[in-house]
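**Student:** Just one file: target30.tsv, with TSV, C-alpha atoms and all ligand atoms.
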chain	number	residue	atom	x	y	z
Z	1	MET	CA	109.36	-29.88	-108.13
Z	2	GLN	CA	106.70	-29.34	-110.76
Z	3	SER	CA	103.37	-28.60	-109.11
Z	4	ILE	CA	100.52	-30.95	-109.92
Z	5	ASN	CA	97.25	-30.21	-108.15
Z	6	GLU	CA	96.24	-33.79	-107.45
Z	7	ILE	CA	99.63	-34.65	-106.00
Z	8	ASP	CA	99.76	-31.50	-103.88
Z	9	GLU	CA	96.33	-32.30	-102.50
Z	10	LEU	CA	97.31	-35.87	-101.66
Z	11	VAL	CA	100.51	-34.74	-99.93
Z	12	LYS	CA	98.48	-32.21	-97.96
Z	13	LEU	CA	95.98	-34.88	-96.85
Z	14	ILE	CA	98.55	-37.50	-95.93
Z	15	SER	CA	100.60	-35.00	-93.92
Z	16	LYS	CA	97.55	-34.56	-91.68
Z	17	LEU	CA	97.88	-38.17	-90.48
Z	18	PRO	CA	99.43	-38.81	-87.05
Z	19	GLY	CA	103.21	-38.80	-87.04
Z	20	LEU	CA	103.57	-37.62	-90.63
Z	21	GLY	CA	104.89	-34.30	-91.90
Z	22	PRO	CA	105.10	-32.97	-95.48
Z	23	LYS	CA	108.42	-34.73	-96.09
Z	24	SER	CA	107.23	-38.23	-95.20
Z	25	ALA	CA	103.91	-37.50	-96.93
Z	26	LYS	CA	105.81	-36.86	-100.17
Z	27	ARG	CA	107.68	-40.14	-99.80
Z	28	ILE	CA	104.40	-41.99	-99.27
Z	29	VAL	CA	102.83	-40.35	-102.30
Z	30	LEU	CA	105.81	-41.32	-104.45
Z	31	LYS	CA	105.57	-44.90	-103.23
Z	32	LEU	CA	101.85	-44.92	-104.07
Z	33	ILE	CA	102.37	-43.50	-107.54
Z	34	ASN	CA	105.08	-46.02	-108.31
Z	35	ASN	CA	102.69	-48.83	-107.30
Z	36	ARG	CA	99.47	-47.83	-108.99
Z	37	ASN	CA	97.91	-51.26	-109.27
Z	38	GLU	CA	99.25	-52.79	-106.06
Z	39	LEU	CA	98.59	-49.82	-103.80
Z	40	ILE	CA	96.57	-46.90	-105.21
Z	41	LYS	CA	93.81	-48.99	-106.76
Z	42	PRO	CA	93.00	-51.26	-103.77
Z	43	MET	CA	93.53	-48.39	-101.34
Z	44	ALA	CA	91.09	-46.11	-103.14
Z	45	LYS	CA	88.53	-48.92	-103.19
Z	46	THR	CA	89.02	-49.76	-99.51
Z	47	LEU	CA	88.88	-46.13	-98.42
Z	48	ALA	CA	85.59	-45.67	-100.27
Z	49	GLU	CA	84.19	-48.80	-98.61
Z	50	VAL	CA	85.29	-47.73	-95.14
Z	51	TYR	CA	83.79	-44.28	-95.71
Z	52	LYS	CA	80.49	-45.80	-96.84
Z	53	ASN	CA	80.17	-48.76	-94.48
Z	54	ILE	CA	81.91	-48.01	-91.20
Z	55	SER	CA	80.81	-45.62	-88.51
Z	56	ARG	CA	80.73	-45.31	-84.75
Z	57	CYS	CA	77.95	-47.03	-82.84
Z	58	LYS	CA	75.66	-44.36	-81.41
Z	59	ILE	CA	75.29	-46.31	-78.16
Z	60	CYS	CA	78.73	-47.54	-77.12
Z	61	GLY	CA	80.92	-45.53	-79.50
Z	62	THR	CA	82.85	-48.42	-81.01
Z	63	LEU	CA	83.44	-48.83	-84.74
Z	64	LYS	CA	80.88	-50.92	-86.54
Z	65	ASN	CA	79.57	-51.84	-89.95
Z	66	ASN	CA	76.49	-49.77	-90.76
Z	67	ALA	CA	74.69	-52.79	-92.18
Z	68	ILE	CA	74.70	-54.80	-88.96
Z	69	GLU	CA	73.69	-54.10	-85.42
Z	70	CYS	CA	76.49	-53.49	-82.97
Z	71	SER	CA	77.11	-57.09	-82.00
Z	72	TYR	CA	80.27	-56.38	-80.11
Z	73	ASN	CA	79.74	-57.48	-76.53
Z	74	ASN	CA	80.77	-53.96	-75.61
Z	75	CYS	CA	77.36	-52.67	-76.49
Z	76	LYS	CA	74.33	-54.84	-76.05
Z	77	ILE	CA	74.35	-56.05	-72.52
Z	78	LEU	CA	72.19	-59.08	-73.24
Z	79	GLU	CA	73.40	-61.19	-70.42
Z	80	LYS	CA	75.22	-59.83	-67.45
Z	81	LYS	CA	78.73	-60.78	-68.35
Z	82	TYR	CA	80.60	-58.05	-66.51
Z	83	ASP	CA	79.70	-55.61	-63.76
Z	84	LYS	CA	82.14	-52.86	-64.75
Z	85	ILE	CA	82.15	-50.29	-67.51
Z	86	CYS	CA	85.28	-48.36	-68.42
Z	87	VAL	CA	84.76	-44.92	-69.98
Z	88	VAL	CA	87.46	-43.78	-72.41
Z	89	GLU	CA	87.87	-40.86	-74.79
Z	90	SER	CA	88.81	-42.73	-77.94
Z	91	ILE	CA	88.92	-46.15	-79.55
Z	92	GLY	CA	92.72	-45.94	-79.36
Z	93	ASP	CA	92.43	-45.73	-75.57
Z	94	GLN	CA	90.25	-48.84	-75.52
Z	95	TRP	CA	92.74	-50.73	-77.67
Z	96	SER	CA	95.60	-49.80	-75.30
Z	97	ILE	CA	93.69	-50.96	-72.23
Z	98	GLU	CA	92.55	-54.17	-73.96
Z	99	SER	CA	96.02	-55.07	-75.12
Z	100	SER	CA	97.45	-54.60	-71.63
Z	101	ASN	CA	95.06	-57.26	-70.25
Z	102	ILE	CA	94.51	-55.41	-66.99
Z	103	TYR	CA	90.80	-54.85	-67.26
Z	104	GLU	CA	87.87	-57.13	-67.90
Z	105	GLY	CA	84.57	-55.44	-68.50
Z	106	TYR	CA	82.60	-53.31	-70.91
Z	107	PHE	CA	83.91	-50.20	-72.61
Z	108	HIS	CA	82.20	-46.95	-73.42
Z	109	ILE	CA	83.87	-44.63	-75.91
Z	110	LEU	CA	82.91	-40.97	-75.52
Z	111	GLY	CA	84.38	-39.80	-78.80
Z	112	GLY	CA	86.37	-36.91	-77.36
Z	113	THR	CA	86.45	-34.65	-74.35
Z	114	VAL	CA	84.03	-32.01	-73.16
Z	115	SER	CA	86.29	-29.13	-74.06
Z	116	SER	CA	88.13	-30.50	-77.09
Z	117	VAL	CA	87.81	-28.22	-80.10
Z	118	GLY	CA	84.41	-28.36	-81.71
Z	119	LYS	CA	83.08	-30.88	-79.19
Z	120	ARG	CA	80.00	-30.06	-77.22
Z	121	LYS	CA	78.78	-32.06	-74.27
Z	122	GLU	CA	75.92	-33.25	-76.45
Z	123	ASP	CA	78.37	-34.71	-78.99
Z	124	LEU	CA	79.80	-37.09	-76.42
Z	125	LEU	CA	77.95	-40.32	-75.74
Z	126	ILE	CA	77.08	-39.44	-72.16
Z	127	ASN	CA	73.31	-39.98	-72.30
Z	128	SER	CA	73.81	-43.45	-73.73
Z	129	LEU	CA	76.36	-44.15	-70.98
Z	130	ILE	CA	73.73	-43.34	-68.36
Z	131	GLU	CA	71.26	-45.62	-70.14
Z	132	ARG	CA	73.77	-48.46	-70.30
Z	133	VAL	CA	74.64	-48.11	-66.62
Z	134	LYS	CA	70.98	-48.20	-65.65
Z	135	LYS	CA	70.01	-51.10	-67.91
Z	136	GLY	CA	73.12	-53.21	-67.54
Z	137	LYS	CA	73.10	-53.61	-63.77
Z	138	ILE	CA	76.55	-52.07	-63.68
Z	139	ASP	CA	78.32	-52.04	-60.33
Z	140	GLU	CA	81.22	-49.72	-61.13
Z	141	VAL	CA	81.95	-47.04	-63.70
Z	142	ILE	CA	85.69	-46.55	-64.16
Z	143	ILE	CA	86.51	-43.18	-65.69
Z	144	ALA	CA	89.69	-43.58	-67.74
Z	145	THR	CA	90.02	-40.16	-69.34
Z	146	SER	CA	93.45	-38.62	-69.85
Z	147	ALA	CA	95.29	-36.67	-67.17
Z	148	THR	CA	94.91	-33.49	-69.23
Z	149	VAL	CA	92.77	-30.46	-68.39
Z	150	GLU	CA	90.17	-31.62	-70.95
Z	151	GLY	CA	90.27	-35.19	-69.63
Z	152	MET	CA	89.81	-34.06	-66.05
Z	153	THR	CA	86.96	-31.69	-66.96
Z	154	THR	CA	85.30	-34.56	-68.79
Z	155	ALA	CA	85.74	-36.90	-65.82
Z	156	TYR	CA	84.12	-34.33	-63.57
Z	157	TYR	CA	81.22	-33.94	-65.98
Z	158	ILE	CA	80.65	-37.71	-66.20
Z	159	LYS	CA	80.73	-38.05	-62.44
Z	160	ASP	CA	78.18	-35.26	-62.20
Z	161	SER	CA	75.97	-36.87	-64.85
Z	162	LEU	CA	75.93	-40.15	-62.92
Z	163	LYS	CA	74.80	-38.50	-59.70
Z	164	GLY	CA	71.72	-40.13	-58.29
Z	165	ILE	CA	72.34	-43.43	-60.05
Z	166	ASN	CA	73.06	-46.40	-57.84
Z	167	VAL	CA	76.60	-47.08	-59.07
Z	168	LYS	CA	80.13	-46.76	-57.77
Z	169	VAL	CA	82.21	-44.26	-59.76
Z	170	SER	CA	86.00	-44.47	-59.75
Z	171	LYS	CA	88.75	-42.76	-61.67
Z	172	LEU	CA	92.23	-43.74	-62.79
Z	173	ALA	CA	94.51	-41.48	-60.85
Z	174	GLN	CA	97.62	-42.63	-59.11
Z	175	GLY	CA	100.43	-43.45	-61.46
Z	176	LEU	CA	99.00	-41.41	-64.29
Z	177	PRO	CA	101.52	-38.76	-65.29
Z	178	VAL	CA	100.05	-35.27	-65.61
Z	179	GLY	CA	99.20	-34.67	-69.27
Z	180	GLY	CA	99.33	-38.42	-69.89
Z	181	GLU	CA	97.07	-39.66	-72.62
Z	182	ILE	CA	95.77	-43.18	-72.00
Z	183	GLU	CA	96.64	-44.32	-75.51
Z	184	ASN	CA	100.34	-43.57	-75.02
Z	185	LEU	CA	100.83	-45.12	-71.60
Z	186	ASP	CA	102.85	-48.27	-71.14
Z	187	ASP	CA	101.27	-51.39	-69.65
Z	188	GLY	CA	102.98	-50.97	-66.27
Z	189	THR	CA	101.65	-47.44	-65.78
Z	190	LEU	CA	98.18	-48.52	-66.90
Z	191	PHE	CA	98.27	-51.48	-64.53
Z	192	SER	CA	99.08	-49.34	-61.50
Z	193	ALA	CA	96.53	-46.70	-62.59
Z	194	PHE	CA	93.79	-49.36	-62.65
Z	195	LYS	CA	94.90	-51.08	-59.50
Z	196	ASN	CA	95.08	-47.85	-57.50
Z	197	ARG	CA	92.00	-46.20	-58.95
Z	198	ASN	CA	90.27	-43.77	-56.64
Z	199	GLY	CA	86.65	-43.87	-55.71
Z	200	VAL	CA	85.24	-40.48	-56.57
Z	201	SER	CA	81.80	-41.31	-55.31
Z	202	ASN	CA	79.92	-44.36	-54.21
Z	203	LYS	CA	76.51	-45.79	-53.79
Z	204	ALA	CA	76.08	-44.05	-50.46
Z	205	ASP	CA	75.94	-40.63	-52.19
N	1	ZN	ZN	77.62	-50.43	-79.78
Taking this structure as input, can you express it in the form of structure tokens?
Ligand SMILES: [Zn+2]
**Tutor:**
Amino acid sequence: MQSINEIDELVKLISKLPGLGPKSAKRIVLKLINNRNELIKPMAKTLAEVYKNISRCKICGTLKNNAIECSYNNCKILEKKYDKICVVESIGDQWSIESSNIYEGYFHILGGTVSSVGKRKEDLLINSLIERVKKGKIDEVIIATSATVEGMTTAYYIKDSLKGINVKVSKLAQGLPVGGEIENLDDGTLFSAFKNRNGVSNKAD
């Protein structure tokens, strides 16, 4: 295959996406090139818009349009709608839990784990979690980090950060396979993990 810089670069970028290797990346690039007006043009425009306009909310961690305040009921606890807040690593984890319909409450998206590469404790939205718990009259914080070493370290750190605050802290445990990432769990496993969650500390602490 003749080497063209732009194409090589695009293949390299696309093969970094989840589930794609160089072979499928090449197929995607070919499809794009063969559909310049239907695919490349609108995709380039949309990507530029997403890059410019969309970012994570600095309070709750969800995706939002930069131009507007985070209006998602996840964030601003204007009226006390729920008394629980579920802490997850990523937006993908939130989507999995939401689609399984097993939990009703607020979400807080950390944006990674304490020990994931390049992540420092300060990069995770832990201070804003503490603020939300204090201001929102939250009764229970459910830690739903993955059953990986990083996830468990993060759970421990969150629990420690919430010490001294009048809130019940629980953690998804039973039913979670070791190494299980929340995003990839099926609804049944998630259901039993929520139902059988363990209290790791309570208001009596
Ligand atoms: Zn928000």
**Student:** Show me the residues around (83.8, -32.8, -72.5) - criterion: an atom at most 10 Å away, all atoms listed in the file counted - as a ChimeraX atom specification.
**Tutor:** /Z:89,110-117,119-124,126,150-158
**Student:** For Z:Arg132, which of Z:Ile33, Z:Met43, Z:Cys75, Z:Val169 is the closest residue, counting all atoms listed in the file?
**Tutor:**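 Smallest distance to Z:Arg132 is found for Z:Cys75.
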**Student:** Can I get the residues of chain Z within 12 Å of ligand ZN 1 (chain N), each with the closest pair of atoms and their distance in Å to one decimal, using all atoms listed in the file, sorted chain first then ascending number, as a tab-separated table?
**Tutor:**
residue	atom	partner	partner_atom	distance
Z:Ser55	CA	N:ZN1	ZN	10.5
Z:Arg56	CA	N:ZN1	ZN	7.8
Z:Cys57	CA	N:ZN1	ZN	4.6
Z:Lys58	CA	N:ZN1	ZN	6.6
Z:Ile59	CA	N:ZN1	ZN	5.0
Z:Cys60	CA	N:ZN1	ZN	4.1
Z:Gly61	CA	N:ZN1	ZN	5.9
Z:Thr62	CA	N:ZN1	ZN	5.7
Z:Leu63	CA	N:ZN1	ZN	7.8
Z:Lys64	CA	N:ZN1	ZN	7.5
Z:Asn65	CA	N:ZN1	ZN	10.5
Z:Asn66	CA	N:ZN1	ZN	11.1
Z:Ile68	CA	N:ZN1	ZN	10.6
Z:Glu69	CA	N:ZN1	ZN	7.8
Z:Cys70	CA	N:ZN1	ZN	4.6
Z:Ser71	CA	N:ZN1	ZN	7.0
Z:Tyr72	CA	N:ZN1	ZN	6.5
Z:Asn73	CA	N:ZN1	ZN	8.0
Z:Asn74	CA	N:ZN1	ZN	6.3
Z:Cys75	CA	N:ZN1	ZN	4.0
Z:Lys76	CA	N:ZN1	ZN	6.6
Z:Ile77	CA	N:ZN1	ZN	9.7
Z:Tyr106	CA	N:ZN1	ZN	10.6
Z:Phe107	CA	N:ZN1	ZN	9.5
Z:His108	CA	N:ZN1	ZN	8.6
Z:Ile109	CA	N:ZN1	ZN	9.4
Z:Leu110	CA	N:ZN1	ZN	11.6
Z:Leu125	CA	N:ZN1	ZN	10.9
Z:Ser128	CA	N:ZN1	ZN	10.0
Z:Leu129	CA	N:ZN1	ZN	10.9
Z:Arg132	CA	N:ZN1	ZN	10.4
**Student:** Which residues of stretch 98-173 of chain Z sit at most 8 Å from stretch 181-200 of chain Z, using all atoms listed in the file? Give each one's shortest atom pair and distance in Å (one decimal place), in chain and ascending residue order, as CSV.
**Tutor:**
residue,atom,partner,partner_atom,distance
Z:Ser100,CA,Z:Asp187,CA,5.4
Z:Ile102,CA,Z:Phe191,CA,6.0
Z:Tyr103,CA,Z:Phe194,CA,7.8
Z:Ala144,CA,Z:Ile182,CA,7.4
Z:Thr145,CA,Z:Ile182,CA,7.0
Z:Ser146,CA,Z:Glu181,CA,4.7
Z:Ala147,CA,Z:Glu181,CA,6.5
Z:Thr148,CA,Z:Glu181,CA,7.4
Z:Lys159,CA,Z:Val200,CA,7.8
Z:Lys168,CA,Z:Gly199,CA,7.4
Z:Val169,CA,Z:Val200,CA,5.8
Z:Ser170,CA,Z:Gly199,CA,4.1
Z:Lys171,CA,Z:Asn198,CA,5.4
Z:Leu172,CA,Z:Arg197,CA,4.6
Z:Ala173,CA,Z:Arg197,CA,5.7
**Student:** Using C-alpha atoms, can you write the selected residues to a file as a short mmCIF file (atom, residue, chain, number, x, y, z; two decimals), in the coordinates of the input?
**Tutor:**
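File produced: again17.cif:
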data_model
loop_
_atom_site.label_atom_id
_atom_site.label_comp_id
_atom_site.auth_asym_id
_atom_site.auth_seq_id
_atom_site.Cartn_x
_atom_site.Cartn_y
_atom_site.Cartn_z
CA SER Z 100 97.45 -54.60 -71.63
CA ILE Z 102 94.51 -55.41 -66.99
CA TYR Z 103 90.80 -54.85 -67.26
CA ALA Z 144 89.69 -43.58 -67.74
CA THR Z 145 90.02 -40.16 -69.34
CA SER Z 146 93.45 -38.62 -69.85
CA ALA Z 147 95.29 -36.67 -67.17
CA THR Z 148 94.91 -33.49 -69.23
CA LYS Z 159 80.73 -38.05 -62.44
CA LYS Z 168 80.13 -46.76 -57.77
CA VAL Z 169 82.21 -44.26 -59.76
CA SER Z 170 86.00 -44.47 -59.75
CA LYS Z 171 88.75 -42.76 -61.67
CA LEU Z 172 92.23 -43.74 -62.79
CA ALA Z 173 94.51 -41.48 -60.85
#
**Student:** Would you mind reading off the distance between atom CA of Z:Lys134 and atom CA of Z:Glu98, one decimal, in Å?
**Tutor:** 23.9 Å
**Student:** Suppose you want the space between atom CA of Z:Val167 and atom CA of Z:Asp139; what is it in Å?
**Tutor:**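 Answer for the atom CA of Z:Val167 to atom CA of Z:Asp139 separation: 5.4 Å.
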**Student:** For a quick check of understanding, using only C-alpha atoms, which of Z:Lys84, Z:Lys52, Z:Lys45, Z:Lys137 has the smallest distance to Z:Asn166?
**Tutor:**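 Residue with the minimum atom-to-atom distance to Z:Asn166: Z:Lys137.
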**Student:** What's the separation between atom CA of Z:Gly21 and atom CA of Z:Asn53, in Å to one decimal place?
**Tutor:**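 Those two atoms sit 28.8 Å apart.
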**Student:** Excluding Z:Pro22 and residues on its chain fewer than 6 positions from it, collect all residues at most 10 Å away from it, counting all atoms listed in the file, and give them as a list in words.
**Tutor:**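 Returned residues: Val11, Lys12, Leu13, Ile14, Ser15, Lys16 and Ile28 of chain Z.
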**Student:** Box for stretch 45-48 of chain Z - axis-aligned, 5 Å on each of the six sides, all listed atoms - centre and size in Å to one decimal, as AutoDock Vina command-line options.
**Tutor:**
--center_x 87.3 --center_y -47.7 --center_z -100.8 --size_x 13.4 --size_y 14.1 --size_z 14.8
**Student:** Excluding Z:Leu32 and any residue of its chain fewer than 2 positions from it, enumerate the residues within 12 Å of it, using only C-alpha atoms, and give them as a ChimeraX atom specification.
**Tutor:** /Z:7,10-11,14,25-30,34-44
**Student:** Any chance you could export the current selection's C-alpha atoms as a PDB file, keeping the file's coordinate frame?
**Tutor:**
ATOM      1  CA  ILE Z   7      99.630 -34.650-106.000  1.00  0.00           C
ATOM      2  CA  LEU Z  10      97.310 -35.870-101.660  1.00  0.00           C
ATOM      3  CA  VAL Z  11     100.510 -34.740 -99.930  1.00  0.00           C
ATOM      4  CA  ILE Z  14      98.550 -37.500 -95.930  1.00  0.00           C
ATOM      5  CA  ALA Z  25     103.910 -37.500 -96.930  1.00  0.00           C
ATOM      6  CA  LYS Z  26     105.810 -36.860-100.170  1.00  0.00           C
ATOM      7  CA  ARG Z  27     107.680 -40.140 -99.800  1.00  0.00           C
ATOM      8  CA  ILE Z  28     104.400 -41.990 -99.270  1.00  0.00           C
ATOM      9  CA  VAL Z  29     102.830 -40.350-102.300  1.00  0.00           C
ATOM     10  CA  LEU Z  30     105.810 -41.320-104.450  1.00  0.00           C
ATOM     11  CA  ASN Z  34     105.080 -46.020-108.310  1.00  0.00           C
ATOM     12  CA  ASN Z  35     102.690 -48.830-107.300  1.00  0.00           C
ATOM     13  CA  ARG Z  36      99.470 -47.830-108.990  1.00  0.00           C
ATOM     14  CA  ASN Z  37      97.910 -51.260-109.270  1.00  0.00           C
ATOM     15  CA  GLU Z  38      99.250 -52.790-106.060  1.00  0.00           C
ATOM     16  CA  LEU Z  39      98.590 -49.820-103.800  1.00  0.00           C
ATOM     17  CA  ILE Z  40      96.570 -46.900-105.210  1.00  0.00           C
ATOM     18  CA  LYS Z  41      93.810 -48.990-106.760  1.00  0.00           C
ATOM     19  CA  PRO Z  42      93.000 -51.260-103.770  1.00  0.00           C
ATOM     20  CA  MET Z  43      93.530 -48.390-101.340  1.00  0.00           C
ATOM     21  CA  ALA Z  44      91.090 -46.110-103.140  1.00  0.00           C
TER      22      ALA Z  44
END
